[in-house]
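Asker: Here you go, target-v4.txt (compact mmCIF, C-alpha atoms and all ligand atoms):
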```
# COMPACT_ATOMS: atom_id res chain seq x y z
CA MET A 10 -57.34 -39.15 0.12
CA THR A 11 -59.90 -38.63 -2.63
CA ILE A 12 -59.05 -39.70 -6.16
CA GLN A 13 -60.77 -38.47 -9.29
CA VAL A 14 -60.09 -39.35 -12.88
CA LYS A 15 -61.48 -37.02 -15.52
CA ASN A 16 -61.98 -37.88 -19.18
CA ILE A 17 -59.05 -40.28 -19.35
CA ASN A 18 -58.22 -41.70 -22.76
CA LYS A 19 -55.51 -44.26 -23.42
CA ARG A 20 -54.65 -46.05 -26.65
CA PHE A 21 -52.08 -48.69 -27.42
CA GLY A 22 -51.56 -48.20 -31.16
CA ASP A 23 -55.07 -48.33 -32.64
CA PHE A 24 -56.48 -50.16 -29.64
CA VAL A 25 -58.58 -48.04 -27.27
CA ALA A 26 -57.82 -49.29 -23.75
CA LEU A 27 -59.64 -46.45 -21.90
CA ASN A 28 -62.38 -44.44 -23.54
CA ASN A 29 -63.10 -41.12 -21.83
CA VAL A 30 -63.25 -42.58 -18.33
CA SER A 31 -64.37 -40.31 -15.48
CA LEU A 32 -64.72 -41.63 -11.93
CA ASP A 33 -64.67 -40.51 -8.28
CA PHE A 34 -63.06 -42.61 -5.58
CA PRO A 35 -64.24 -41.25 -2.22
CA GLN A 36 -61.97 -40.84 0.80
CA GLY A 37 -61.50 -44.02 2.83
CA GLU A 38 -63.63 -46.21 0.56
CA LEU A 39 -62.74 -49.50 -1.06
CA THR A 40 -63.66 -49.51 -4.75
CA ALA A 41 -63.59 -52.62 -6.93
CA LEU A 42 -62.81 -52.26 -10.63
CA LEU A 43 -64.66 -55.19 -12.15
CA GLY A 44 -64.87 -56.43 -15.72
CA PRO A 45 -63.76 -59.10 -18.18
CA SER A 46 -60.17 -59.67 -19.18
CA GLY A 47 -58.79 -56.83 -21.32
CA CYS A 48 -61.46 -54.25 -20.40
CA GLY A 49 -58.87 -51.75 -19.12
CA LYS A 50 -58.90 -52.28 -15.33
CA THR A 51 -55.14 -52.58 -14.92
CA THR A 52 -54.49 -49.74 -17.35
CA LEU A 53 -56.73 -47.46 -15.27
CA LEU A 54 -54.98 -48.53 -12.05
CA ARG A 55 -51.58 -47.87 -13.63
CA CYS A 56 -52.70 -44.41 -14.78
CA ILE A 57 -53.76 -43.59 -11.20
CA ALA A 58 -50.43 -44.88 -9.88
CA GLY A 59 -48.40 -42.88 -12.42
CA LEU A 60 -46.92 -46.03 -13.99
CA GLU A 61 -48.79 -45.26 -17.22
CA HIS A 62 -49.58 -41.87 -18.74
CA PRO A 63 -52.99 -41.24 -20.28
CA ASP A 64 -53.06 -39.69 -23.76
CA SER A 65 -55.49 -37.11 -22.42
CA GLY A 66 -57.46 -36.44 -19.24
CA GLN A 67 -56.49 -35.86 -15.64
CA VAL A 68 -55.82 -37.71 -12.42
CA LEU A 69 -56.67 -35.61 -9.35
CA LEU A 70 -55.37 -36.62 -5.94
CA GLU A 71 -57.05 -34.72 -3.09
CA GLY A 72 -58.35 -32.31 -5.72
CA GLN A 73 -54.85 -31.51 -7.05
CA ASP A 74 -53.87 -32.35 -10.62
CA ALA A 75 -51.31 -35.15 -10.28
CA SER A 76 -51.17 -36.00 -13.99
CA ARG A 77 -47.56 -34.87 -14.27
CA SER A 78 -46.31 -36.01 -10.89
CA HIS A 79 -43.96 -38.95 -10.44
CA VAL A 80 -45.01 -42.32 -8.95
CA ARG A 81 -43.07 -41.59 -5.77
CA GLU A 82 -44.79 -38.22 -5.24
CA ARG A 83 -48.21 -39.82 -5.49
CA GLN A 84 -47.55 -41.91 -2.37
CA VAL A 85 -49.37 -45.00 -3.49
CA GLY A 86 -48.93 -48.53 -2.17
CA PHE A 87 -49.23 -51.48 -4.55
CA VAL A 88 -50.02 -55.13 -4.25
CA PHE A 89 -50.00 -57.24 -7.42
CA GLN A 90 -51.26 -60.69 -8.29
CA HIS A 91 -47.76 -62.09 -8.51
CA TYR A 92 -46.22 -61.17 -5.22
CA ALA A 93 -42.89 -59.54 -5.80
CA LEU A 94 -41.31 -60.19 -2.43
CA PHE A 95 -37.51 -60.28 -2.35
CA LYS A 96 -36.67 -63.95 -2.02
CA HIS A 97 -33.29 -63.44 -0.39
CA MET A 98 -34.70 -61.20 2.36
CA THR A 99 -36.61 -62.33 5.43
CA VAL A 100 -40.23 -61.33 5.91
CA PHE A 101 -39.05 -58.68 8.36
CA GLU A 102 -36.55 -57.22 5.88
CA ASN A 103 -39.14 -57.26 3.10
CA VAL A 104 -41.58 -55.18 5.16
CA ALA A 105 -38.78 -52.86 6.31
CA PHE A 106 -37.51 -52.32 2.75
CA GLY A 107 -39.62 -49.27 1.83
CA LEU A 108 -38.59 -47.52 5.05
CA ARG A 109 -34.87 -48.28 4.59
CA VAL A 110 -34.73 -46.83 1.07
CA LYS A 111 -36.28 -43.51 2.07
CA PRO A 112 -34.10 -40.43 1.63
CA ARG A 113 -31.86 -39.95 4.68
CA SER A 114 -33.84 -36.92 5.91
CA GLU A 115 -37.11 -38.91 6.03
CA ARG A 116 -35.72 -42.27 7.10
CA PRO A 117 -36.91 -43.49 10.51
CA SER A 118 -34.34 -44.69 13.07
CA GLU A 119 -33.55 -48.41 13.26
CA ASP A 120 -35.59 -48.58 16.47
CA GLN A 121 -38.61 -46.96 14.82
CA ILE A 122 -38.30 -49.31 11.83
CA ARG A 123 -38.30 -52.35 14.15
CA ARG A 124 -41.38 -51.14 15.98
CA LYS A 125 -43.22 -50.28 12.80
CA VAL A 126 -42.50 -53.62 11.11
CA LYS A 127 -43.57 -55.47 14.25
CA ASP A 128 -46.86 -53.51 14.33
CA LEU A 129 -47.51 -54.21 10.65
CA LEU A 130 -46.79 -57.92 11.01
CA GLU A 131 -49.22 -58.00 13.93
CA LEU A 132 -51.78 -56.15 11.82
CA VAL A 133 -51.60 -58.80 9.09
CA GLN A 134 -51.45 -61.46 11.83
CA LEU A 135 -48.14 -62.93 10.70
CA ASP A 136 -45.69 -61.67 13.32
CA TRP A 137 -44.63 -65.26 14.00
CA LEU A 138 -43.18 -65.49 10.46
CA ALA A 139 -40.80 -62.51 10.72
CA ASP A 140 -37.63 -64.56 10.28
CA ARG A 141 -38.80 -66.75 7.43
CA TYR A 142 -37.94 -66.28 3.75
CA PRO A 143 -40.70 -65.91 1.09
CA PRO A 144 -40.25 -69.41 -0.41
CA GLN A 145 -41.10 -70.80 3.06
CA LEU A 146 -44.55 -69.14 3.03
CA SER A 147 -47.91 -70.14 1.55
CA GLY A 148 -49.36 -68.04 -1.29
CA GLY A 149 -51.89 -66.40 1.04
CA GLN A 150 -49.20 -65.56 3.59
CA ARG A 151 -47.05 -64.00 0.87
CA GLN A 152 -49.91 -61.74 -0.21
CA ARG A 153 -50.48 -60.60 3.38
CA ILE A 154 -46.77 -59.81 3.68
CA ALA A 155 -46.92 -57.95 0.35
CA LEU A 156 -49.77 -55.90 1.82
CA ALA A 157 -47.80 -55.20 5.01
CA ARG A 158 -44.88 -54.08 2.87
CA ALA A 159 -47.12 -51.74 0.84
CA LEU A 160 -48.57 -50.26 4.05
CA ALA A 161 -45.15 -49.68 5.66
CA VAL A 162 -44.59 -46.37 3.87
CA GLU A 163 -48.06 -45.13 4.94
CA PRO A 164 -49.46 -44.72 1.45
CA ARG A 165 -52.25 -42.23 0.87
CA VAL A 166 -53.78 -44.70 -1.57
CA LEU A 167 -53.65 -48.48 -1.81
CA LEU A 168 -53.87 -50.08 -5.26
CA LEU A 169 -54.45 -53.82 -5.45
CA ASP A 170 -54.29 -55.59 -8.81
CA GLU A 171 -55.94 -59.01 -8.50
CA PRO A 172 -54.02 -59.53 -5.26
CA PHE A 173 -55.57 -62.94 -4.62
CA GLY A 174 -55.87 -64.01 -8.26
CA ALA A 175 -53.21 -66.70 -8.08
CA LEU A 176 -54.66 -68.39 -4.98
CA ASP A 177 -57.14 -71.24 -4.71
CA ALA A 178 -60.83 -70.53 -4.15
CA LYS A 179 -60.94 -71.24 -0.40
CA VAL A 180 -57.90 -69.11 0.45
CA ARG A 181 -59.22 -66.32 -1.78
CA LYS A 182 -62.48 -66.26 0.16
CA GLU A 183 -60.71 -66.10 3.51
CA LEU A 184 -58.35 -63.36 2.34
CA ARG A 185 -61.03 -61.13 0.91
CA ARG A 186 -62.93 -61.16 4.22
CA TRP A 187 -59.69 -60.46 5.99
CA LEU A 188 -58.91 -57.58 3.59
CA ARG A 189 -62.32 -56.05 4.27
CA ARG A 190 -61.74 -56.16 8.04
CA LEU A 191 -58.28 -54.66 7.59
CA HIS A 192 -59.72 -51.89 5.44
CA ASP A 193 -62.34 -51.12 8.09
CA GLU A 194 -59.49 -50.65 10.57
CA LEU A 195 -57.24 -48.51 8.39
CA HIS A 196 -59.62 -46.60 6.08
CA VAL A 197 -56.98 -46.03 3.40
CA THR A 198 -58.64 -45.09 0.09
CA SER A 199 -58.22 -48.33 -1.86
CA ILE A 200 -58.84 -49.57 -5.40
CA PHE A 201 -59.06 -53.27 -6.01
CA VAL A 202 -58.96 -54.83 -9.50
CA THR A 203 -60.78 -58.11 -10.00
CA HIS A 204 -62.64 -60.03 -12.66
CA ASP A 205 -64.47 -62.05 -10.00
CA GLN A 206 -67.95 -60.59 -9.48
CA GLU A 207 -68.52 -62.36 -6.17
CA GLU A 208 -65.28 -60.93 -4.81
CA ALA A 209 -66.18 -57.39 -5.91
CA LEU A 210 -69.73 -57.57 -4.49
CA GLU A 211 -68.53 -58.94 -1.16
CA VAL A 212 -65.53 -56.70 -0.52
CA ALA A 213 -66.24 -53.29 -2.01
CA ASP A 214 -68.06 -50.14 -0.90
CA GLN A 215 -68.53 -49.23 -4.54
CA VAL A 216 -68.21 -51.29 -7.69
CA VAL A 217 -67.16 -49.95 -11.09
CA LEU A 218 -68.23 -52.17 -13.99
CA MET A 219 -65.96 -51.81 -16.99
CA ASN A 220 -66.38 -53.13 -20.52
CA LYS A 221 -64.10 -52.48 -23.49
CA GLY A 222 -62.50 -49.39 -22.02
CA ASN A 223 -65.83 -47.86 -20.92
CA VAL A 224 -67.48 -47.51 -17.54
CA GLU A 225 -70.85 -49.31 -17.77
CA GLN A 226 -72.03 -48.60 -14.24
CA ILE A 227 -70.83 -47.43 -10.86
CA GLY A 228 -72.66 -48.01 -7.59
CA ALA A 229 -72.89 -49.81 -4.27
CA PRO A 230 -72.81 -53.63 -4.59
CA ASP A 231 -76.57 -54.09 -3.99
CA GLU A 232 -77.37 -51.29 -6.42
CA VAL A 233 -75.37 -52.74 -9.32
CA TYR A 234 -76.62 -56.26 -8.57
CA ASN A 235 -80.30 -55.36 -8.20
CA HIS A 236 -80.49 -52.52 -10.73
CA PRO A 237 -78.08 -53.29 -13.56
CA ALA A 238 -77.86 -50.38 -16.01
CA SER A 239 -77.27 -52.49 -19.11
CA PRO A 240 -77.57 -56.03 -20.49
CA PHE A 241 -73.79 -56.33 -20.09
CA VAL A 242 -73.99 -55.66 -16.35
CA TYR A 243 -76.88 -58.11 -15.98
CA GLY A 244 -74.91 -60.83 -17.67
CA PHE A 245 -71.68 -60.10 -15.85
CA LEU A 246 -73.12 -60.03 -12.31
CA GLY A 247 -74.41 -63.54 -11.77
CA ASN A 248 -76.60 -65.95 -13.68
CA VAL A 249 -79.54 -64.54 -15.56
CA ASN A 250 -82.27 -65.88 -17.84
CA VAL A 251 -82.68 -64.01 -21.09
CA PHE A 252 -86.04 -64.00 -22.89
CA HIS A 253 -85.99 -62.56 -26.40
CA GLY A 254 -89.15 -61.27 -28.02
CA ARG A 255 -90.89 -58.14 -29.19
CA VAL A 256 -92.40 -55.29 -27.26
CA GLN A 257 -95.53 -53.41 -28.19
CA ASP A 258 -98.13 -51.58 -26.11
CA GLY A 259 -96.32 -52.42 -22.89
CA ILE A 260 -96.29 -56.19 -23.51
CA LEU A 261 -93.28 -58.38 -24.33
CA ALA A 262 -94.28 -61.38 -26.46
CA SER A 263 -91.70 -64.18 -26.21
CA GLY A 264 -92.64 -67.54 -27.73
CA ASP A 265 -96.06 -68.47 -26.36
CA ALA A 266 -95.59 -66.35 -23.25
CA SER A 267 -96.19 -62.66 -22.73
CA PHE A 268 -95.12 -60.36 -19.93
CA THR A 269 -96.16 -56.89 -18.86
CA VAL A 270 -93.17 -54.60 -19.32
CA PRO A 271 -92.61 -52.43 -16.26
CA GLY A 272 -92.16 -48.73 -16.92
CA GLU A 273 -91.67 -48.83 -20.70
CA GLY A 274 -93.93 -45.98 -21.74
CA GLY A 275 -94.83 -46.80 -25.32
CA ALA A 276 -91.45 -48.12 -26.52
CA ALA A 277 -91.78 -50.67 -29.31
CA GLY A 278 -89.18 -52.91 -30.92
CA LYS A 279 -87.05 -55.94 -30.22
CA GLY A 280 -87.15 -56.61 -26.51
CA THR A 281 -85.04 -58.69 -24.18
CA ALA A 282 -86.15 -59.55 -20.67
CA TYR A 283 -83.60 -60.35 -17.96
CA VAL A 284 -84.71 -62.42 -14.97
CA ARG A 285 -82.41 -63.82 -12.28
CA PRO A 286 -82.96 -67.50 -11.36
CA HIS A 287 -84.27 -66.62 -7.88
CA GLU A 288 -86.75 -64.13 -9.38
CA LEU A 289 -88.81 -66.92 -10.97
CA GLU A 290 -91.87 -68.36 -9.30
CA VAL A 291 -92.32 -72.08 -10.00
CA ASP A 292 -95.62 -74.01 -9.89
CA ARG A 293 -97.13 -77.22 -11.17
CA TYR A 294 -98.74 -76.72 -14.56
CA THR A 295 -102.50 -76.40 -14.70
CA PRO A 296 -104.36 -75.80 -18.00
CA GLY A 297 -104.72 -72.09 -18.72
CA ALA A 298 -102.09 -71.12 -16.13
CA GLU A 299 -100.29 -67.88 -16.96
CA GLY A 300 -96.55 -67.98 -17.50
CA ILE A 301 -93.92 -69.98 -19.37
CA VAL A 302 -94.62 -73.69 -19.69
CA VAL A 303 -91.50 -75.76 -19.04
CA LYS A 304 -90.29 -79.31 -18.35
CA LEU A 305 -88.12 -80.03 -15.33
CA ARG A 306 -84.92 -81.50 -16.77
CA ARG A 307 -82.79 -81.69 -13.66
CA ALA A 308 -83.03 -80.65 -10.03
CA HIS A 309 -80.06 -80.05 -7.80
CA ALA A 310 -81.42 -79.76 -4.27
CA ILE A 311 -78.61 -79.53 -1.73
CA GLY A 312 -78.58 -77.13 1.22
CA PRO A 313 -81.21 -74.40 1.57
CA LEU A 314 -81.78 -73.86 -2.17
CA ALA A 315 -82.88 -76.04 -5.06
CA GLN A 316 -81.53 -75.27 -8.52
CA LEU A 317 -83.86 -76.32 -11.32
CA ASP A 318 -82.82 -76.76 -14.96
CA LEU A 319 -85.95 -76.19 -17.03
CA GLU A 320 -86.67 -76.38 -20.75
CA ARG A 321 -89.28 -74.16 -22.39
CA ASP A 322 -91.98 -76.15 -24.20
CA ASP A 323 -92.39 -73.46 -26.88
CA THR A 324 -88.77 -72.63 -27.81
CA ASN A 325 -86.72 -75.44 -26.17
CA GLU A 326 -84.54 -72.78 -24.54
CA LEU A 327 -83.11 -73.58 -21.14
CA ILE A 328 -84.10 -71.67 -18.03
CA GLU A 329 -82.57 -71.80 -14.58
CA ALA A 330 -84.71 -71.29 -11.49
CA VAL A 331 -83.59 -71.24 -7.88
CA ILE A 332 -86.24 -71.81 -5.20
CA PRO A 333 -86.11 -72.64 -1.48
CA ASN A 334 -85.47 -76.33 -0.97
CA GLU A 335 -88.50 -76.46 1.35
CA ARG A 336 -90.75 -75.32 -1.48
CA PHE A 337 -89.14 -77.83 -3.83
CA SER A 338 -89.83 -80.66 -1.36
CA SER A 339 -93.39 -79.53 -0.66
CA LEU A 340 -94.20 -79.48 -4.40
CA GLY A 341 -92.81 -83.04 -4.66
CA LEU A 342 -91.49 -82.39 -8.19
CA LYS A 343 -90.11 -85.15 -10.40
CA GLU A 344 -87.80 -84.84 -13.37
CA GLY A 345 -89.72 -84.69 -16.69
CA GLU A 346 -92.73 -83.04 -15.04
CA THR A 347 -94.48 -80.05 -16.69
CA LEU A 348 -94.32 -76.83 -14.71
CA VAL A 349 -95.09 -73.19 -15.19
CA VAL A 350 -92.74 -70.33 -14.28
CA ARG A 351 -93.52 -66.64 -13.84
CA PRO A 352 -91.07 -63.79 -13.31
CA LYS A 353 -91.66 -62.05 -9.96
CA ARG A 354 -89.46 -59.27 -11.25
CA LEU A 355 -88.02 -58.61 -14.65
CA ARG A 356 -86.16 -55.90 -16.49
CA VAL A 357 -86.74 -55.37 -20.19
CA PHE A 358 -84.35 -53.59 -22.55
CA VAL A 359 -86.07 -52.42 -25.72
CA ASP A 360 -84.05 -51.88 -28.88
CA GLU A 361 -86.33 -49.37 -30.61
CA GLY A 362 -84.10 -49.21 -33.67
CA ALA A 363 -84.56 -52.90 -34.48
CA SER A 364 -87.56 -53.94 -36.57
CA ILE A 365 -90.20 -56.14 -34.99
P1 LIG E 401 -56.98 -58.58 -17.20
O1 LIG E 401 -58.15 -58.86 -16.31
O2 LIG E 401 -56.77 -59.64 -18.25
O3 LIG E 401 -55.73 -58.20 -16.47
P2 LIG E 401 -57.54 -55.76 -17.74
O4 LIG E 401 -58.96 -55.38 -17.74
O5 LIG E 401 -56.73 -55.42 -16.55
O6 LIG E 401 -57.41 -57.30 -18.10
P3 LIG E 401 -55.63 -54.18 -19.21
O7 LIG E 401 -54.42 -54.88 -18.69
O8 LIG E 401 -55.93 -52.83 -18.71
O9 LIG E 401 -56.90 -55.10 -19.06
O10 LIG E 401 -55.50 -54.12 -20.80
C1 LIG E 401 -56.48 -53.52 -21.61
C2 LIG E 401 -56.13 -53.78 -23.05
O11 LIG E 401 -54.98 -53.01 -23.42
C3 LIG E 401 -55.80 -55.23 -23.34
O12 LIG E 401 -56.40 -55.59 -24.58
C4 LIG E 401 -54.29 -55.25 -23.47
O13 LIG E 401 -53.86 -56.22 -24.40
C5 LIG E 401 -53.96 -53.84 -23.95
N1 LIG E 401 -52.67 -53.39 -23.41
C6 LIG E 401 -52.36 -53.20 -22.11
N2 LIG E 401 -51.09 -52.76 -21.97
C7 LIG E 401 -50.58 -52.70 -23.23
C8 LIG E 401 -49.31 -52.31 -23.77
N3 LIG E 401 -48.32 -51.89 -22.97
N4 LIG E 401 -49.16 -52.37 -25.10
C9 LIG E 401 -50.16 -52.76 -25.91
N5 LIG E 401 -51.39 -53.14 -25.47
C10 LIG E 401 -51.59 -53.10 -24.16
```
Here is the file; what I need is its structure written in the form of structure tokens.
Ligand code: ATP

Answerer:
Amino acid sequence: MTIQVKNINKRFGDFVALNNVSLDFPQGELTALLGPSGCGKTTLLRCIAGLEHPDSGQVLLEGQDASRSHVRERQVGFVFQHYALFKHMTVFENVAFGLRVKPRSERPSEDQIRRKVKDLLELVQLDWLADRYPPQLSGGQRQRIALARALAVEPRVLLLDEPFGALDAKVRKELRRWLRRLHDELHVTSIFVTHDQEEALEVADQVVLMNKGNVEQIGAPDEVYNHPASPFVYGFLGNVNVFHGRVQDGILASGDASFTVPGEGGAAGKGTAYVRPHELEVDRYTPGAEGIVVKLRRAHAIGPLAQLDLERDDTNELIEAVIPNERFSSLGLKEGETLVVRPKRLRVFVDEGASI
């Protein structure tokens, strides 16, 4: 099912939780809502579910205005961070619950329920736990059961609010890969709330970056990572070096260094360059070499990549560079050594309003 939200606004008292949010969630895709705590992700999810009512704007399900329809009519399945399995029911009974409480006319027979629950437990690969009670399961197993329970009623939409948030890092990683495989099998239109950028980039077909109730950017994971639309998105999606300076005639002057600004036709003002650690080229310093002159403060060279903590000679600001470990070894660098770094790629945001 397709989901669209159009011009949704939601306030709590004076606080603007959602500010004129419009988004499309395509059929069968997995969308991640990503952003810092309090940016409005859960509020948006609750508006789509019908658990919260926007002050204005519309929620369209399959093109139909669902803004006034009840949660039950929207046919959504939920999974929350804090699994709400019924402790006194077995895993089997938990998954069967949604089917058993259906109105008599829609309720499947006991035989059909048994078959369906068995299929779902096989789907989440936990059929061997059918007779256990929730307290006898691990956190990851509980979340998979919660997902099976949400899927039992064949929702048209699956809404997941930080479903793996309470789990440790290793289990989280395993479960998100597993969720992606499951999604590829089922193709239920799904929305996944997370504040973990790695999780969003790995799992989703499209990523929605939210900040203070606004949508900052929407796009495929590689698009938002490689072409951030704003400084906020740059900073939120992974480590980034920030070089402050001023832009004039297509050149950003920052400390003793200057960079050609790509595609900034004539803009002048305060400029900020954003460069990811792996987008820096690192060389030994030679007199007159172009670039930013730095000292190597610390090198962390484990596995295929070497992470270098560098300090600018001109401003004492810290820079992080990531280069292949092979290159690091071949340069034979020592801590304290003077180096020069050059951005292979940079993005400059010019604030034309600010004085130079
Ligand atoms: P988190 O990652 O911490 O869950 P979030 O992005 O999901 O954050 P929301 O839960 O949508 O954020 O909340 C957005 C803002 O609205 C927060 O500042 C929150 O305090 C506020 N808020 C949410 N629900 C209510 C409510 N019922 N009453 C008052 N304020 C609320």

Asker: Residues contacting ligand LIG 401 (chain E) - anything with an atom at most 12 Å away, using all atoms listed in the file - can you give me those as an MDAnalysis selection string?

Answerer: chainID A and resid 18:28 42:56 60:63 89:91 169:172 174 201:205 217:224

Asker: Taking all atoms listed in the file into account, which of A:Gly280, A:Gly300, A:Pro286, A:Pro271 comes nearest Phe358 (chain A)?

Answerer: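 Of the candidates, the smallest distance to Phe358 (chain A) is held by A:Gly280.
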
Asker: Just to confirm, what's the straight-line distance from CA of His253 (chain A) to CA of Leu317 (chain A) in Å (one decimal)?

Answerer: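 Straight-line distance from CA of His253 (chain A) to CA of Leu317 (chain A) works out to 20.5 Å.
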
Asker: Pick out the residues sitting within 9 Å of Leu327 (chain A), and hand them over as a list in words; count all atoms listed in the file, and ignore anything fewer than 6 positions along from it in its own chain.

Answerer: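 These residues fall inside the cut-off: Asn250, Val303, Asp318, Leu319, Glu320 and Arg321 of chain A.
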
Asker: When you draw a straight line from CA of Arg356 (chain A) to CA of His236 (chain A), how long is it in Å?

Answerer: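 It comes out at 8.8 Å.
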
Asker: Could you pull the residues within 7 Å of region 138-147 of chain A, counting only C-alpha atoms, minus those fewer than 2 positions along the same chain, as a PyMOL selection string?

Answerer: chain A and resi 94+96-101+135-136+149-151

Asker: Tell me which protein, DNA and RNA residues are within 12 Å of Asp193 (chain A), counting only C-alpha atoms, leaving out same-chain ones fewer than 2 positions away, and put them as a PyMOL selection string.

Answerer: chain A and resi 37-39+186-191+195-199+212-214

Asker: Between A:Arg351, A:Val162, A:Arg113, A:Gln84, which one has atoms that come closest to Ala298 (chain A), using only C-alpha atoms?

Answerer: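 Of A:Arg351, A:Val162, A:Arg113, A:Gln84, the one nearest Ala298 (chain A), counting only C-alpha atoms, is A:Arg351.
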
Asker: What's the separation between CA of Glu183 (chain A) and CA of Ala155 (chain A), in Å to one decimal place?

Answerer: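 Between CA of Glu183 (chain A) and CA of Ala155 (chain A) the gap works out to 16.3 Å.
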
Asker: Identify which of the residues A:Leu69, A:Ala310, A:Val350, A:Leu210 lies closest to Ala266 (chain A), counting all atoms listed in the file when measuring atom-to-atom distances.

Answerer: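 Closest to Ala266 (chain A), using all atoms listed in the file: A:Val350.
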
Asker: Which one of A:Ala175, A:Asn334, A:Glu329, A:Ala229 sits closest to Gly312 (chain A) if you count all atoms listed in the file?

Answerer: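 Smallest distance to Gly312 (chain A) is found for A:Asn334.
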
Asker: Looking at A:Gln36, A:Val242, A:Ala209, A:Ile311, which one is nearest to Glu225 (chain A), with distances taken over all atoms listed in the file?

Answerer: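 Of A:Gln36, A:Val242, A:Ala209, A:Ile311, the one nearest Glu225 (chain A), counting all atoms listed in the file, is A:Val242.
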
Asker: From the list A:Ser31, A:Val233, A:Gly148, A:Ala105, which residue is nearest Asp177 (chain A) when using only C-alpha atoms?

Answerer: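 For Asp177 (chain A), the nearest of the candidates is A:Gly148.
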
Asker: Mind listing whatever residues come within 10 Å of the point (-49.2, -57.5, 9.0)? Use only C-alpha atoms, file coordinates, and give them as a list in words.

Answerer: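 Selection result: Val104, Val126, Lys127, Asp128, Leu129, Leu130, Glu131, Leu132, Val133, Gln134, Leu135, Asp136, Ala139, Gln150, Arg153, Ile154, Ala155, Leu156, Ala157, Arg158, Leu160, Ala161 and Leu191 of chain A.
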
Asker: Excluding region 259-261 of chain A and its own-chain neighbours fewer than 2 positions away, which residues fall within 12 Å of it when counting all atoms listed in the file? Please give them as a ChimeraX atom specification.

Answerer: /A:252-257,263-283,355-359,365

Asker: Do a neighbour search on Asn248 (chain A) at 10 Å with all atoms listed in the file, toss out local chain neighbours closer than 3 positions, and write the hits as a ChimeraX atom specification.

Answerer: /A:243-245,251,283-287,329-330

Asker: Those residues you just picked out, can you put them in a file as an mmCIF file, keeping the file's coordinate frame with C-alpha atoms?

Answerer:
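Below you can see out00.cif, which holds the result:
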```
data_model
loop_
_atom_site.group_PDB
_atom_site.id
_atom_site.type_symbol
_atom_site.label_atom_id
_atom_site.label_comp_id
_atom_site.auth_asym_id
_atom_site.auth_seq_id
_atom_site.Cartn_x
_atom_site.Cartn_y
_atom_site.Cartn_z
ATOM 1 C CA TYR A 243 -76.880 -58.110 -15.980
ATOM 2 C CA GLY A 244 -74.910 -60.830 -17.670
ATOM 3 C CA PHE A 245 -71.680 -60.100 -15.850
ATOM 4 C CA VAL A 251 -82.680 -64.010 -21.090
ATOM 5 C CA TYR A 283 -83.600 -60.350 -17.960
ATOM 6 C CA VAL A 284 -84.710 -62.420 -14.970
ATOM 7 C CA ARG A 285 -82.410 -63.820 -12.280
ATOM 8 C CA PRO A 286 -82.960 -67.500 -11.360
ATOM 9 C CA HIS A 287 -84.270 -66.620 -7.880
ATOM 10 C CA GLU A 329 -82.570 -71.800 -14.580
ATOM 11 C CA ALA A 330 -84.710 -71.290 -11.490
#
```
